[in-house]
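One structure is given here, and the rest of the page talks about it.
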Amino acid sequence: MNGVETRAFEELLRELAPQVLSAVVRRYGQFDLCEDAVQEALLDAAVQWPAEGLPGNPRAWLTTVAARRVVDQMRSEHARRRREESVAVSVPADEFTAPAPGEERAGDQDDTLTLLFLCCHPSLSQASQLALTLRAVGGLTTAQIAGAFLVPEATMAQRISRAKQRVRSAGVPFRMPPEGEREERLRVVLHVLYLIFNEGYTATSGPDLHQPELTGEAIRLTRAVRRLLPHDGEVAGLLALMLLTEARRPARTGAGGGLIPLAEQDRSLWDRALVEEGVELVSNALSTAALGPYQLQAAIAAVHDEAPTAGETDWPQILALYGVLSGIEDNPVVDLNQAVAVAMVHGPRAGLDRLERLAADERMARHHRLSAVRAHLLEMEGDAAGAAAAYREAARRTTSEPERRYLESRASRLS
């Protein structure tokens, strides 16, 4: 099997993973038990399908294998009769029947969103939400997730196991949250997908700047949510933000993996198809939906991506967008980026004055990005010594090796 075929199998398995898990959980109810069974079924498929060929109905194949694993486990726990009787009276007879090829039952497409809501339940910590989403909805193995977050596989396995136990102990039902909770829970889902993307785009630690598997998975899952909620402006905004940001990735590192800042990137390397898709998404959302923070961030990214050169960037428009964004979201990172826009429009001293106020915010005071921006603005102002000191301070505070190398190189150049 060649690389293209292998990737096609992997993509199919990841697409089917949440559908199969939803079907099995809907039937048997025990999320932790069902999730383990589905993971085993996915592993079986990864081994058998390349050798024996794709079954006629891959979803039904996976569902059947996973269901058998669940039943075997139930029997080993001496609880088959009680659980099966409970299931028999609570589940319609045809609900667990897989549709024929080309046939789709109403409601099947809602399962991925329901599963995302379950994995992002507020009873779970943010780290658990991230891990469980990637495992249950993304179909990644524990080893893949551990590798992406640079932790031992055993550590990640424990984290996922605790998350599943928490879902079980909290008695979280497998259904969409009540109408009153749905909007708030959707914001949590989008935030988790946003965090997954950000970790992939700029890894918080380790030797590599990017984790393409994570950015790709975040985009894939956000596309899935977009298909389920096509009229939600913030879903469209988040997808647009991801696409417009991901479009720059080919130009973001040099031959040796060194970081290249936005202003110095070769824009001919940007993925124009992603840029065009992102611009269209955010333009439509801004004109048809209630304004939200992801749409505004995507609009800012679009202004950057549509500029032919860094020098032609429409900074006044970016500053105006940040002004609107800061008015609806209390976020120190937004304030930090707004300080850069202020400096580009009104001069570096105006931006530095903004940073002084931001330094009092304990959420940002010791973050390496605050020191890095201060260094950049001091360099713009002509204070080489002050900029070099600030670059070195930022380098000490970051946990990303590519960022540290970049910041140290800037300091050395000014010393």
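Note on naming: chains are A, B, ... as they come in the structure tokens, residues start from 1 per chain, ligands start from 1 in the order shown.
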Identify, on the basis of only C-alpha atoms, every residue whose closest approach to Gly311 in chain A does not exceed 12 Å; exclude the query and any residue fewer than 5 positions from it along the same chain; express the result as a ChimeraX atom specification. /A:262-265,304,306,344
Can those selected residues be exported to a file as a PDB file, in the first residue's frame so that it contains all heavy atoms?
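What landed in out.pdb:
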ATOM      1  N   LEU A 262       6.161  37.275  10.647  1.00  0.00           N
ATOM      2  CA  LEU A 262       5.206  37.590   9.590  1.00  0.00           C
ATOM      3  C   LEU A 262       5.735  38.628   8.611  1.00  0.00           C
ATOM      4  O   LEU A 262       5.609  38.472   7.395  1.00  0.00           O
ATOM      5  CB  LEU A 262       3.892  38.077  10.225  1.00  0.00           C
ATOM      6  CG  LEU A 262       2.761  38.482   9.275  1.00  0.00           C
ATOM      7  CD1 LEU A 262       2.317  37.289   8.428  1.00  0.00           C
ATOM      8  CD2 LEU A 262       1.583  39.040  10.070  1.00  0.00           C
ATOM      9  N   ALA A 263       6.353  39.677   9.126  1.00  0.00           N
ATOM     10  CA  ALA A 263       6.801  40.773   8.260  1.00  0.00           C
ATOM     11  C   ALA A 263       7.917  40.359   7.302  1.00  0.00           C
ATOM     12  O   ALA A 263       8.133  41.019   6.283  1.00  0.00           O
ATOM     13  CB  ALA A 263       7.275  41.943   9.114  1.00  0.00           C
ATOM     14  N   GLU A 264       8.614  39.263   7.614  1.00  0.00           N
ATOM     15  CA  GLU A 264       9.744  38.839   6.794  1.00  0.00           C
ATOM     16  C   GLU A 264       9.452  37.610   5.941  1.00  0.00           C
ATOM     17  O   GLU A 264      10.326  37.103   5.249  1.00  0.00           O
ATOM     18  CB  GLU A 264      10.954  38.556   7.696  1.00  0.00           C
ATOM     19  CG  GLU A 264      11.413  39.770   8.510  1.00  0.00           C
ATOM     20  CD  GLU A 264      12.499  39.423   9.515  1.00  0.00           C
ATOM     21  OE1 GLU A 264      13.118  38.343   9.372  1.00  0.00           O
ATOM     22  OE2 GLU A 264      12.719  40.209  10.451  1.00  0.00           O
ATOM     23  N   GLN A 265       8.214  37.124   5.961  1.00  0.00           N
ATOM     24  CA  GLN A 265       7.889  35.892   5.243  1.00  0.00           C
ATOM     25  C   GLN A 265       7.777  36.123   3.741  1.00  0.00           C
ATOM     26  O   GLN A 265       7.377  37.202   3.292  1.00  0.00           O
ATOM     27  CB  GLN A 265       6.575  35.307   5.787  1.00  0.00           C
ATOM     28  CG  GLN A 265       6.710  34.741   7.188  1.00  0.00           C
ATOM     29  CD  GLN A 265       5.388  34.275   7.759  1.00  0.00           C
ATOM     30  OE1 GLN A 265       4.378  34.147   7.045  1.00  0.00           O
ATOM     31  NE2 GLN A 265       5.356  34.013   9.063  1.00  0.00           N
ATOM     32  N   HIS A 304      -4.227  40.961   7.062  1.00  0.00           N
ATOM     33  CA  HIS A 304      -2.809  40.585   6.917  1.00  0.00           C
ATOM     34  C   HIS A 304      -2.585  39.771   5.642  1.00  0.00           C
ATOM     35  O   HIS A 304      -1.660  40.040   4.860  1.00  0.00           O
ATOM     36  CB  HIS A 304      -2.348  39.765   8.127  1.00  0.00           C
ATOM     37  CG  HIS A 304      -2.024  40.580   9.345  1.00  0.00           C
ATOM     38  ND1 HIS A 304      -0.971  41.469   9.380  1.00  0.00           N
ATOM     39  CD2 HIS A 304      -2.597  40.614  10.569  1.00  0.00           C
ATOM     40  CE1 HIS A 304      -0.911  42.031  10.585  1.00  0.00           C
ATOM     41  NE2 HIS A 304      -1.887  41.530  11.322  1.00  0.00           N
ATOM     42  N   GLU A 306      -4.313  39.465   2.907  1.00  0.00           N
ATOM     43  CA  GLU A 306      -4.624  40.091   1.623  1.00  0.00           C
ATOM     44  C   GLU A 306      -3.626  41.184   1.245  1.00  0.00           C
ATOM     45  O   GLU A 306      -3.641  41.647   0.102  1.00  0.00           O
ATOM     46  CB  GLU A 306      -6.040  40.664   1.655  1.00  0.00           C
ATOM     47  CG  GLU A 306      -7.127  39.601   1.695  1.00  0.00           C
ATOM     48  CD  GLU A 306      -8.525  40.179   1.571  1.00  0.00           C
ATOM     49  OE1 GLU A 306      -8.877  41.042   2.395  1.00  0.00           O
ATOM     50  OE2 GLU A 306      -9.264  39.779   0.647  1.00  0.00           O
ATOM     51  N   MET A 344       2.122  50.542  15.136  1.00  0.00           N
ATOM     52  CA  MET A 344       2.262  50.617  13.682  1.00  0.00           C
ATOM     53  C   MET A 344       1.527  51.829  13.110  1.00  0.00           C
ATOM     54  O   MET A 344       1.887  52.327  12.045  1.00  0.00           O
ATOM     55  CB  MET A 344       1.736  49.332  13.044  1.00  0.00           C
ATOM     56  CG  MET A 344       2.496  48.075  13.460  1.00  0.00           C
ATOM     57  SD  MET A 344       4.273  48.154  13.143  1.00  0.00           S
ATOM     58  CE  MET A 344       4.303  48.159  11.354  1.00  0.00           C
TER      59      MET A 344
END
Nearest to Tyr322 in chain A by atom-to-atom distance, counting only C-alpha atoms, from A:Gly257, A:Gly138, A:Pro293, A:Gly382: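 So, comparing all the options, the nearest one is A:Pro293.
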Could you name the residues that touch Asn337 in chain A at 10 Å or less, counting only C-alpha atoms, but leaving out those on the same chain fewer than 3 positions away, as a VMD selection string? chain A and resid 318 to 319 322 332 to 334 340 to 343 351 369 to 370 373
Residue among A:Ala384, A:Leu239, A:Lys164, A:Arg396 lying closest to Ala224 in chain A, counting only C-alpha atoms: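 That would be A:Leu239, the residue with the smallest distance to Ala224 in chain A.
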Take CA of Val25 in chain A and CA of Ala41 in chain A and report the distance between them in Å, one decimal.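 Those two atoms sit 14.2 Å apart.
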